[in-house]
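The next block is final-v7.csv, given as CSV, C-alpha atoms.
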```
chain,number,residue,atom,x,y,z
A,650,MET,CA,155.5,-162.6,177.1
A,651,HIS,CA,158.8,-164.2,178.3
A,652,ARG,CA,159.1,-166.7,181.0
A,653,ALA,CA,162.4,-166.6,183.0
A,654,PRO,CA,163.7,-169.2,185.4
A,655,ALA,CA,162.2,-168.6,188.8
A,656,LEU,CA,164.4,-166.5,191.1
A,657,SER,CA,164.9,-167.6,194.6
A,658,ALA,CA,162.1,-165.7,196.4
A,659,THR,CA,162.7,-164.5,199.9
A,660,THR,CA,159.7,-163.2,201.9
A,661,PHE,CA,161.1,-160.6,204.3
A,662,PRO,CA,159.4,-160.2,207.7
A,663,PHE,CA,159.2,-156.5,207.2
A,664,VAL,CA,156.7,-156.8,204.3
A,665,PRO,CA,153.2,-156.0,205.6
A,666,PRO,CA,150.5,-158.5,205.1
A,667,GLN,CA,148.2,-158.0,202.2
A,668,THR,CA,144.9,-156.3,203.0
A,669,PRO,CA,142.4,-157.8,200.4
A,670,SER,CA,139.9,-155.0,200.9
A,671,THR,CA,142.3,-152.2,200.1
A,672,GLY,CA,145.5,-153.7,199.0
A,673,ARG,CA,149.0,-152.3,199.7
A,674,ARG,CA,150.1,-148.9,198.6
A,675,TYR,CA,153.4,-148.9,196.7
A,676,CYS,CA,155.6,-146.0,195.6
A,677,ILE,CA,158.3,-146.6,193.0
A,678,VAL,CA,161.2,-144.2,192.8
A,679,MET,CA,162.6,-144.5,189.3
A,680,LEU,CA,163.1,-141.2,187.5
A,681,THR,CA,164.8,-142.0,184.3
A,682,ALA,CA,165.5,-143.1,181.6
A,683,VAL,CA,163.2,-144.6,179.0
A,684,GLY,CA,165.0,-148.0,179.0
A,685,ASP,CA,164.9,-148.2,182.8
A,686,ALA,CA,161.2,-147.3,182.7
A,687,VAL,CA,160.6,-150.3,180.3
A,688,HIS,CA,162.5,-152.5,182.8
A,689,VAL,CA,160.3,-151.4,185.6
A,690,LEU,CA,157.1,-152.5,183.8
A,691,PRO,CA,157.6,-156.3,184.7
A,692,VAL,CA,157.9,-155.2,188.3
A,693,VAL,CA,154.6,-153.3,188.4
A,694,ASN,CA,152.9,-156.1,186.5
A,695,ALA,CA,154.1,-158.6,189.0
A,696,ILE,CA,152.9,-156.5,191.9
A,697,LYS,CA,149.4,-156.2,190.3
A,698,ARG,CA,149.2,-160.0,189.7
A,699,ALA,CA,150.1,-160.7,193.3
A,700,ASP,CA,148.0,-158.0,194.7
A,701,PRO,CA,145.2,-156.9,192.3
A,702,GLN,CA,143.9,-154.4,194.8
A,703,SER,CA,147.2,-152.7,195.2
A,704,HIS,CA,147.8,-149.0,194.4
A,705,ILE,CA,151.0,-148.1,192.6
A,706,THR,CA,152.4,-144.6,192.5
A,707,TRP,CA,155.5,-144.0,190.3
A,708,ILE,CA,157.8,-140.9,190.7
A,709,LEU,CA,159.1,-140.3,187.2
A,710,GLN,CA,160.5,-137.6,185.0
A,711,PRO,CA,158.2,-136.1,182.3
A,712,GLY,CA,160.0,-137.7,179.3
A,713,PRO,CA,159.6,-141.4,180.3
A,714,ALA,CA,156.3,-140.5,182.0
A,715,SER,CA,154.9,-139.8,178.5
A,716,LEU,CA,155.7,-143.5,177.7
A,717,ILE,CA,154.1,-144.9,180.9
A,718,GLU,CA,151.1,-142.7,181.1
A,719,GLY,CA,147.9,-144.9,180.7
A,720,HIS,CA,149.6,-148.2,181.6
A,721,PRO,CA,146.9,-150.4,183.2
A,722,ALA,CA,149.2,-151.5,186.1
A,723,VAL,CA,150.3,-147.9,187.1
A,724,ASP,CA,147.6,-146.1,189.1
A,725,GLU,CA,149.4,-142.7,189.4
A,726,ILE,CA,152.4,-140.9,188.1
A,727,VAL,CA,154.0,-138.1,190.1
A,728,ARG,CA,156.3,-136.1,187.8
A,729,PHE,CA,159.7,-135.0,188.9
A,730,ASN,CA,160.8,-132.1,186.7
A,731,ARG,CA,164.5,-131.8,187.4
A,732,SER,CA,164.8,-128.6,185.4
A,733,LEU,CA,163.1,-126.8,188.3
A,734,GLY,CA,166.0,-127.5,190.6
A,735,TRP,CA,165.2,-127.7,194.3
A,736,ARG,CA,161.6,-126.8,193.6
A,737,ALA,CA,161.1,-130.1,191.8
A,738,PHE,CA,161.5,-131.9,195.2
A,739,VAL,CA,158.9,-129.5,196.7
A,740,GLU,CA,156.5,-130.2,193.9
A,741,VAL,CA,156.8,-134.0,194.5
A,742,ARG,CA,156.3,-133.6,198.2
A,743,ASN,CA,153.2,-131.4,197.6
A,744,ALA,CA,151.8,-133.9,195.0
A,745,LEU,CA,152.2,-136.8,197.6
A,746,GLY,CA,150.3,-134.7,200.1
A,747,GLY,CA,151.7,-136.4,203.1
A,748,ARG,CA,150.2,-139.8,202.1
A,749,ARG,CA,151.8,-142.9,203.6
A,750,PHE,CA,152.7,-145.9,201.5
A,751,ASP,CA,153.2,-149.4,202.7
A,752,VAL,CA,156.4,-149.9,200.6
A,753,VAL,CA,158.7,-147.7,198.7
A,754,LEU,CA,160.8,-149.4,196.1
A,755,ALA,CA,164.0,-147.4,195.6
A,756,LEU,CA,164.9,-148.8,192.2
A,757,GLN,CA,167.2,-145.9,191.2
A,758,ASP,CA,170.3,-145.4,193.2
A,759,TYR,CA,171.6,-141.9,192.9
A,760,LEU,CA,171.4,-138.8,195.0
A,761,LYS,CA,168.3,-137.2,193.6
A,762,ALA,CA,166.4,-140.4,193.8
A,763,GLY,CA,167.6,-140.9,197.3
A,764,VAL,CA,166.3,-137.6,198.4
A,765,LEU,CA,162.9,-138.4,196.9
A,766,THR,CA,163.0,-141.8,198.8
A,767,ALA,CA,163.7,-139.8,201.9
A,768,ILE,CA,160.7,-137.5,201.6
A,769,THR,CA,158.3,-140.3,200.7
A,770,GLN,CA,156.6,-141.6,203.8
A,771,ALA,CA,156.5,-145.4,204.3
A,772,PRO,CA,157.6,-147.8,207.1
A,773,ILE,CA,159.5,-149.9,204.5
A,774,LYS,CA,161.9,-148.4,202.0
A,775,LEU,CA,163.4,-151.2,200.1
A,776,GLY,CA,166.6,-150.5,198.2
A,777,TYR,CA,169.9,-152.0,197.0
A,778,ASP,CA,172.4,-153.8,199.2
A,779,ARG,CA,175.2,-151.5,200.4
A,780,ALA,CA,177.7,-152.7,197.8
A,781,ARG,CA,175.5,-151.8,194.9
A,782,ALA,CA,174.0,-148.6,196.2
A,783,ARG,CA,175.7,-145.7,194.5
A,784,ASP,CA,175.8,-142.1,196.0
A,785,ALA,CA,175.5,-143.7,199.4
A,786,ASN,CA,171.9,-144.5,198.5
A,787,TRP,CA,171.7,-147.1,201.2
A,788,LEU,CA,171.4,-144.2,203.7
A,789,PHE,CA,167.9,-143.4,202.3
A,790,THR,CA,166.5,-147.0,202.7
A,791,ASN,CA,165.8,-149.1,205.8
A,792,GLU,CA,165.6,-152.5,204.1
A,793,ARG,CA,167.7,-153.9,201.3
A,794,ILE,CA,167.7,-156.7,198.8
A,795,PRO,CA,170.4,-159.3,199.3
A,796,PRO,CA,173.8,-158.9,197.6
A,797,HIS,CA,174.0,-160.4,194.1
A,798,GLU,CA,176.7,-160.6,191.4
A,799,PRO,CA,176.2,-158.3,188.4
A,800,GLN,CA,173.5,-159.3,186.0
A,801,HIS,CA,171.2,-157.8,183.4
A,802,ILE,CA,169.4,-154.7,184.7
A,803,GLN,CA,166.0,-156.3,184.1
A,804,ASP,CA,166.9,-159.2,186.4
A,805,GLU,CA,168.3,-156.8,188.9
A,806,TYR,CA,164.9,-155.0,189.1
A,807,LEU,CA,163.2,-158.4,189.4
A,808,GLU,CA,165.2,-159.0,192.6
A,809,PHE,CA,162.8,-156.5,194.2
A,810,VAL,CA,159.8,-158.6,193.2
A,811,SER,CA,161.4,-161.7,194.7
A,812,ALA,CA,162.2,-159.8,197.9
A,813,LEU,CA,158.5,-159.0,198.2
A,814,GLY,CA,157.7,-162.7,198.1
A,815,MET,CA,156.1,-162.4,194.7
A,816,ASP,CA,156.6,-164.4,191.5
A,817,ALA,CA,159.4,-163.0,189.3
A,818,SER,CA,159.3,-165.8,186.7
A,819,ARG,CA,156.6,-164.4,184.6
A,820,ILE,CA,157.8,-161.3,182.7
A,821,GLU,CA,155.2,-159.0,181.0
A,822,TRP,CA,155.6,-155.5,179.8
A,823,GLY,CA,152.2,-154.6,178.4
A,824,LEU,CA,153.7,-151.7,176.5
A,825,GLY,CA,150.9,-151.3,173.9
A,826,PRO,CA,149.9,-150.0,171.5
A,827,TRP,CA,146.8,-149.0,173.4
A,828,GLY,CA,143.3,-148.0,172.3
A,829,ASP,CA,143.3,-145.4,169.6
A,830,GLU,CA,147.0,-145.8,169.1
A,831,ARG,CA,146.0,-148.7,166.8
A,832,GLU,CA,144.1,-146.4,164.5
A,833,TRP,CA,147.1,-144.0,164.3
A,834,GLN,CA,149.3,-147.0,163.6
A,835,ARG,CA,147.1,-148.1,160.7
A,836,GLU,CA,147.1,-144.6,159.2
A,837,PHE,CA,150.9,-144.3,159.5
A,838,MET,CA,151.4,-147.7,157.8
A,839,LYS,CA,149.2,-146.8,154.8
A,840,GLN,CA,152.1,-144.8,153.2
A,841,PHE,CA,154.3,-147.8,152.9
A,842,GLU,CA,154.2,-150.5,150.2
A,843,ARG,CA,157.2,-152.5,151.7
A,844,PRO,CA,157.9,-153.8,155.2
A,845,ILE,CA,159.4,-151.1,157.4
A,846,VAL,CA,162.7,-151.3,159.3
A,847,SER,CA,163.1,-148.8,162.2
A,848,LEU,CA,166.5,-147.2,162.5
A,849,VAL,CA,167.2,-145.8,166.0
A,850,ILE,CA,170.0,-143.4,165.0
A,851,GLY,CA,170.7,-141.5,168.3
A,852,SER,CA,171.4,-142.1,171.9
A,853,SER,CA,172.0,-140.2,175.1
A,854,ARG,CA,175.8,-140.4,174.8
A,855,THR,CA,178.1,-139.7,171.8
A,856,GLN,CA,180.1,-142.9,172.8
A,857,LYS,CA,177.0,-145.0,172.0
A,858,ASP,CA,176.4,-143.5,168.6
A,859,TRP,CA,177.4,-144.9,165.2
A,860,ILE,CA,179.0,-143.0,162.4
A,861,ALA,CA,176.4,-141.0,160.5
A,862,GLU,CA,177.9,-141.8,157.0
A,863,ARG,CA,177.6,-145.6,157.8
A,864,TRP,CA,173.9,-145.1,158.7
A,865,GLY,CA,173.4,-143.7,155.1
A,866,GLU,CA,175.2,-146.6,153.4
A,867,PHE,CA,173.4,-149.1,155.5
A,868,ALA,CA,170.0,-147.6,154.8
A,869,ASP,CA,170.6,-147.8,151.1
A,870,ALA,CA,171.5,-151.5,151.4
A,871,LEU,CA,168.3,-152.2,153.4
A,872,SER,CA,166.3,-150.6,150.6
A,873,GLY,CA,168.1,-152.0,147.6
A,874,ARG,CA,169.2,-155.4,148.8
A,875,TYR,CA,166.4,-156.4,151.2
A,876,GLY,CA,163.4,-154.5,149.9
A,877,LEU,CA,162.8,-152.8,153.2
A,878,GLN,CA,161.6,-149.3,153.8
A,879,PRO,CA,163.9,-147.6,156.4
A,880,VAL,CA,162.2,-145.3,158.9
A,881,LEU,CA,164.4,-143.0,161.1
A,882,VAL,CA,163.1,-142.9,164.7
A,883,GLY,CA,164.1,-141.3,167.9
A,884,GLY,CA,164.1,-137.7,169.2
A,885,ARG,CA,165.3,-134.5,167.7
A,886,SER,CA,168.6,-133.8,169.6
A,887,PRO,CA,171.2,-131.9,167.6
A,888,ARG,CA,173.2,-135.2,167.1
A,889,GLU,CA,170.1,-137.0,165.7
A,890,GLU,CA,169.3,-134.1,163.4
A,891,ALA,CA,172.9,-134.0,162.1
A,892,THR,CA,172.8,-137.8,161.5
A,893,GLU,CA,169.4,-137.4,159.7
A,894,ALA,CA,170.9,-134.7,157.4
A,895,VAL,CA,173.8,-136.9,156.5
A,896,VAL,CA,171.6,-140.0,155.8
A,897,MET,CA,169.2,-138.0,153.6
A,898,GLN,CA,172.1,-136.5,151.7
A,899,ARG,CA,173.9,-139.8,151.1
A,900,THR,CA,171.1,-142.2,150.3
A,901,ARG,CA,169.6,-142.9,146.8
A,902,HIS,CA,166.5,-144.4,148.3
A,903,LYS,CA,165.4,-141.9,150.9
A,904,PRO,CA,164.3,-143.1,154.3
A,905,VAL,CA,161.1,-141.7,155.9
A,906,SER,CA,161.9,-139.6,159.0
A,907,ALA,CA,159.7,-140.1,162.0
A,908,LEU,CA,162.0,-138.4,164.4
A,909,ASN,CA,160.3,-136.7,167.4
A,910,SER,CA,157.1,-138.6,166.9
A,911,GLY,CA,156.7,-139.0,170.6
A,912,LEU,CA,157.2,-142.1,172.7
A,913,ARG,CA,153.7,-143.5,172.4
A,914,ARG,CA,153.7,-143.2,168.6
A,915,LEU,CA,157.2,-144.7,168.6
A,916,VAL,CA,155.6,-147.7,170.3
A,917,ALA,CA,153.2,-148.0,167.4
A,918,ILE,CA,156.0,-147.6,164.8
A,919,LEU,CA,158.3,-150.2,166.5
A,920,ASP,CA,155.4,-152.6,166.9
A,921,ALA,CA,154.7,-152.4,163.1
A,922,SER,CA,158.3,-152.9,162.1
A,923,ALA,CA,159.5,-156.0,160.5
A,924,LEU,CA,162.9,-155.3,162.1
A,925,VAL,CA,164.5,-152.7,164.4
A,926,ILE,CA,168.1,-151.6,164.3
A,927,SER,CA,169.0,-149.8,167.5
A,928,LEU,CA,171.9,-148.3,169.4
A,929,ASP,CA,172.1,-148.8,173.2
A,930,THR,CA,169.2,-146.7,174.1
A,931,GLY,CA,165.5,-146.8,175.2
A,932,PRO,CA,163.9,-147.9,171.9
A,933,LEU,CA,166.1,-151.0,172.0
A,934,HIS,CA,164.3,-152.2,175.1
A,935,MET,CA,160.9,-151.0,173.8
A,936,ALA,CA,161.4,-153.3,170.8
A,937,VAL,CA,162.2,-156.3,173.1
A,938,ALA,CA,159.1,-155.5,175.1
A,939,LEU,CA,157.1,-155.5,171.9
A,940,ASP,CA,158.6,-158.8,170.8
A,941,ARG,CA,160.2,-157.3,167.7
A,942,PRO,CA,163.4,-158.7,166.3
A,943,VAL,CA,166.1,-156.1,167.0
A,944,ILE,CA,169.7,-155.8,165.7
A,945,SER,CA,171.5,-153.9,168.5
A,946,LEU,CA,174.8,-152.0,168.0
A,947,LEU,CA,176.6,-152.2,171.3
A,948,GLY,CA,180.1,-151.1,172.2
A,949,PHE,CA,180.1,-148.6,175.2
A,950,SER,CA,178.3,-150.8,177.8
A,951,ASN,CA,178.3,-154.5,178.5
A,952,PRO,CA,175.7,-156.2,176.4
A,953,LEU,CA,175.1,-158.7,179.2
A,954,ARG,CA,173.9,-155.9,181.4
A,955,THR,CA,172.3,-153.4,179.0
A,956,GLY,CA,171.7,-155.4,175.8
A,957,PRO,CA,168.4,-156.9,174.6
A,958,TYR,CA,166.9,-159.0,177.4
A,959,ARG,CA,166.7,-162.7,176.5
A,960,ALA,CA,165.8,-161.8,172.9
A,961,SER,CA,167.5,-161.4,169.6
A,962,GLN,CA,170.8,-162.5,171.1
A,963,GLU,CA,172.2,-163.8,167.9
A,964,LEU,CA,171.5,-160.4,166.3
A,965,VAL,CA,173.7,-158.4,168.7
A,966,VAL,CA,176.6,-156.6,167.0
A,967,ASN,CA,179.1,-156.7,169.9
A,968,ALA,CA,181.9,-154.2,169.7
A,969,TYR,CA,182.3,-154.2,173.5
A,970,GLY,CA,184.5,-157.3,173.3
A,971,ASN,CA,185.1,-159.6,176.2
A,972,MET,CA,182.0,-159.3,178.5
A,973,TRP,CA,183.5,-161.1,181.5
A,974,ASN,CA,186.2,-160.2,184.0
A,975,GLY,CA,187.0,-163.3,185.8
A,976,SER,CA,183.8,-164.6,187.4
A,977,GLN,CA,182.2,-161.2,187.5
A,978,MET,CA,180.5,-159.3,184.7
A,979,ALA,CA,182.6,-156.4,183.5
A,980,THR,CA,180.8,-153.1,184.0
A,981,ASP,CA,183.3,-150.7,182.7
A,982,ARG,CA,182.6,-148.3,179.8
A,983,ARG,CA,184.6,-148.7,176.6
A,984,HIS,CA,185.1,-145.6,174.6
A,985,ASP,CA,185.6,-145.5,170.8
A,986,ARG,CA,184.3,-149.0,170.3
A,987,MET,CA,181.3,-148.0,168.2
A,988,GLN,CA,183.5,-146.7,165.4
A,989,THR,CA,184.9,-150.2,164.9
A,990,ILE,CA,181.5,-151.5,163.7
A,991,SER,CA,181.4,-151.6,159.9
A,992,VAL,CA,178.4,-151.6,157.6
A,993,ALA,CA,179.3,-155.2,156.7
A,994,ASP,CA,179.1,-156.2,160.3
A,995,VAL,CA,175.5,-155.0,160.6
A,996,LEU,CA,174.5,-156.3,157.2
A,997,ALA,CA,175.7,-159.7,158.2
A,998,LYS,CA,173.1,-159.6,161.1
A,999,VAL,CA,170.4,-158.4,158.6
A,1000,ALA,CA,171.2,-161.5,156.5
A,1001,LEU,CA,170.8,-163.7,159.6
A,1002,TRP,CA,167.5,-162.0,160.4
A,1003,LYS,CA,166.3,-162.7,156.9
A,1004,GLU,CA,167.3,-166.3,157.2
A,1005,ARG,CA,165.9,-167.0,160.7
A,1006,TYR,CA,163.4,-164.4,161.5
A,1007,ALA,CA,161.8,-162.8,158.4
A,1008,ASP,CA,159.4,-165.7,157.7
A,1009,GLY,CA,158.3,-166.0,161.4
A,1010,ARG,CA,157.6,-163.3,163.9
A,1011,ALA,CA,159.2,-160.6,161.9
A,1012,SER,CA,156.6,-160.9,159.2
A,1013,ARG,CA,153.6,-161.3,161.5
A,1014,ALA,CA,151.0,-158.5,161.9
A,1015,PRO,CA,151.7,-155.9,164.6
A,1016,ASN,CA,150.9,-157.0,168.1
A,1017,SER,CA,147.2,-157.1,168.9
```

Taking this structure as input, can you express it in the form of structure tokens?
Amino acid sequence: MHRAPALSATTFPFVPPQTPSTGRRYCIVMLTAVGDAVHVLPVVNAIKRADPQSHITWILQPGPASLIEGHPAVDEIVRFNRSLGWRAFVEVRNALGGRRFDVVLALQDYLKAGVLTAITQAPIKLGYDRARARDANWLFTNERIPPHEPQHIQDEYLEFVSALGMDASRIEWGLGPWGDEREWQREFMKQFERPIVSLVIGSSRTQKDWIAERWGEFADALSGRYGLQPVLVGGRSPREEATEAVVMQRTRHKPVSALNSGLRRLVAILDASALVISLDTGPLHMAVALDRPVISLLGFSNPLRTGPYRASQELVVNAYGNMWNGSQMATDRRHDRMQTISVADVLAKVALWKERYADGRASRAPNS
């Protein structure tokens, strides 16, 4: 659990009073992606703390839904299957069944999310201020959080908590592992005699990826120099499979591949890891939520906005460069920066982890 400085809470007059007997009904519109879903968890946990009788429905795509399913603060997930085209919107409307919510939180500001906000019935549809709402998303909301200078996405989502008059200073994810996932984790770890290091070798964009041959050289150094067992984690996209093939071909000490293990089992693997090495993608934020030390390789997006949230800051490999543009956070994308990261750059962070982390939280037992 992390504690952030309290945000300036503003209780808006449009927020309905809490009804202790039934609680308020909230609908969250956040469809994708995995990292964003992780950032929403402190929001739903804050709502449940403030209003334990509340009911939270979350409209979410099937991929990230597989990570969130079973979370104790989420009462219902309505899946939005975008592959169905316009029928996906009909399915969501039918699943909602004409129910009315007290508040809709429009946390995602693009057109498809805006349409879903529009078809969800509620007197209060809280979204971004006009300057930050992309795709004219402000047209789909009737109340908006105040303007704010750019900041980390996690803090941006917590602005909604403050707007509801709730405490945004206590940040909890509660990502797991849950229930019988612990048993799977124990069985998975029996195959290893050394601490494992999870390598997140793929992302959603080629511009966020690292050179495959460097992953292979790096994995060998982790085995030979640091006595760690590398484990490849992530999905099975063509790029990830290509990187996996190169790594397996070029390493003397073969990593274990756990690609396509599924997001819930990935939670268990990351939780059991002594160290996580990640690109700018969902498992990076999962590792932060699990309180795992993580070396992040960042070059495409601004680390101040999408990097690890208030954790492992000294372990960031920053190929993005200058993160500020005057008094505002730079939000531009920088192409071809990831190829400037050398194996030596990342190994220097591993040495720092070994010096400052390995005898502390990195060597503790997995989260209980």

Counting only C-alpha atoms, the residue among A:Gly911, A:Pro799, A:Gly823, A:Pro942 that lies closest to Ala960 of chain A is A:Pro942

Measuring atom to atom with only C-alpha atoms, identify which of A:Glu889, A:Glu862, A:Glu832, A:Asp981 is nearest to Ile918 of chain A.
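Smallest separation from Ile918 of chain A among the options: A:Glu832.
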
Could you pull the residues within 8 Å of Leu765 of chain A, counting all atoms listed in the file, minus those fewer than 6 positions along the same chain, as a PyMOL selection string?
chain A and resi 678+738+741

Take atom CA of Val753 of chain A and atom CA of Ala699 of chain A and report the distance between them in Å, one decimal.
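Result for atom CA of Val753 of chain A versus atom CA of Ala699 of chain A: 16.5 Å, one decimal.
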
For Val880 of chain A, which of A:Ala737, A:Leu848, A:Val925, A:Ile860 is the closest residue, counting only C-alpha atoms?
A:Leu848

Spatial neighbours of segment 778-788 of chain A, 9 Å, all atoms listed in the file, chain gap at least 4 places, as a ChimeraX atom specification
/A:755,757-760,762-764,792-797

Do you know which residues are at most 10 Å from Val810 of chain A counting only C-alpha atoms, after dropping those on the same chain fewer than 4 positions away, and could you put them as a count of residues only?
21

Using only C-alpha atoms, which residues sit within 6 Å of Ala968 of chain A once same-chain residues fewer than 4 positions away are excluded, as a PyMOL selection string?
chain A and resi 947-948+986

Give me segment 800-814 of chain A with N, CA and C atoms filled in, as a PDB file, in the coordinates of the input.
```
ATOM      1  N   GLN A 800     174.369-158.583 186.936  1.00  0.00           N
ATOM      2  CA  GLN A 800     173.500-159.300 186.000  1.00  0.00           C
ATOM      3  C   GLN A 800     172.783-158.236 185.138  1.00  0.00           C
ATOM      4  N   HIS A 801     171.924-158.693 184.229  1.00  0.00           N
ATOM      5  CA  HIS A 801     171.200-157.800 183.400  1.00  0.00           C
ATOM      6  C   HIS A 801     170.305-156.865 184.310  1.00  0.00           C
ATOM      7  N   ILE A 802     170.138-155.613 183.912  1.00  0.00           N
ATOM      8  CA  ILE A 802     169.400-154.700 184.700  1.00  0.00           C
ATOM      9  C   ILE A 802     167.933-155.173 184.938  1.00  0.00           C
ATOM     10  N   GLN A 803     167.354-155.824 183.917  1.00  0.00           N
ATOM     11  CA  GLN A 803     166.000-156.300 184.100  1.00  0.00           C
ATOM     12  C   GLN A 803     165.941-157.357 185.230  1.00  0.00           C
ATOM     13  N   ASP A 804     166.902-158.262 185.285  1.00  0.00           N
ATOM     14  CA  ASP A 804     166.900-159.200 186.400  1.00  0.00           C
ATOM     15  C   ASP A 804     167.207-158.563 187.716  1.00  0.00           C
ATOM     16  N   GLU A 805     167.992-157.498 187.688  1.00  0.00           N
ATOM     17  CA  GLU A 805     168.300-156.800 188.900  1.00  0.00           C
ATOM     18  C   GLU A 805     166.984-156.168 189.498  1.00  0.00           C
ATOM     19  N   TYR A 806     166.152-155.597 188.646  1.00  0.00           N
ATOM     20  CA  TYR A 806     164.900-155.000 189.100  1.00  0.00           C
ATOM     21  C   TYR A 806     163.958-156.142 189.634  1.00  0.00           C
ATOM     22  N   LEU A 807     164.018-157.304 188.987  1.00  0.00           N
ATOM     23  CA  LEU A 807     163.200-158.400 189.400  1.00  0.00           C
ATOM     24  C   LEU A 807     163.575-158.960 190.782  1.00  0.00           C
ATOM     25  N   GLU A 808     164.783-158.646 191.221  1.00  0.00           N
ATOM     26  CA  GLU A 808     165.200-159.000 192.600  1.00  0.00           C
ATOM     27  C   GLU A 808     164.231-158.385 193.612  1.00  0.00           C
ATOM     28  N   PHE A 809     163.736-157.180 193.317  1.00  0.00           N
ATOM     29  CA  PHE A 809     162.800-156.500 194.200  1.00  0.00           C
ATOM     30  C   PHE A 809     161.484-157.290 194.311  1.00  0.00           C
ATOM     31  N   VAL A 810     161.058-157.847 193.186  1.00  0.00           N
ATOM     32  CA  VAL A 810     159.800-158.600 193.200  1.00  0.00           C
ATOM     33  C   VAL A 810     159.994-159.873 194.060  1.00  0.00           C
ATOM     34  N   SER A 811     161.123-160.550 193.914  1.00  0.00           N
ATOM     35  CA  SER A 811     161.400-161.700 194.700  1.00  0.00           C
ATOM     36  C   SER A 811     161.469-161.362 196.217  1.00  0.00           C
ATOM     37  N   ALA A 812     162.076-160.206 196.504  1.00  0.00           N
ATOM     38  CA  ALA A 812     162.200-159.800 197.900  1.00  0.00           C
ATOM     39  C   ALA A 812     160.844-159.545 198.538  1.00  0.00           C
ATOM     40  N   LEU A 813     159.853-159.183 197.725  1.00  0.00           N
ATOM     41  CA  LEU A 813     158.500-159.000 198.200  1.00  0.00           C
ATOM     42  C   LEU A 813     157.730-160.299 198.344  1.00  0.00           C
ATOM     43  N   GLY A 814     158.378-161.411 198.008  1.00  0.00           N
ATOM     44  CA  GLY A 814     157.700-162.700 198.100  1.00  0.00           C
ATOM     45  C   GLY A 814     156.792-162.968 196.929  1.00  0.00           C
TER      46      GLY A 814
END
```
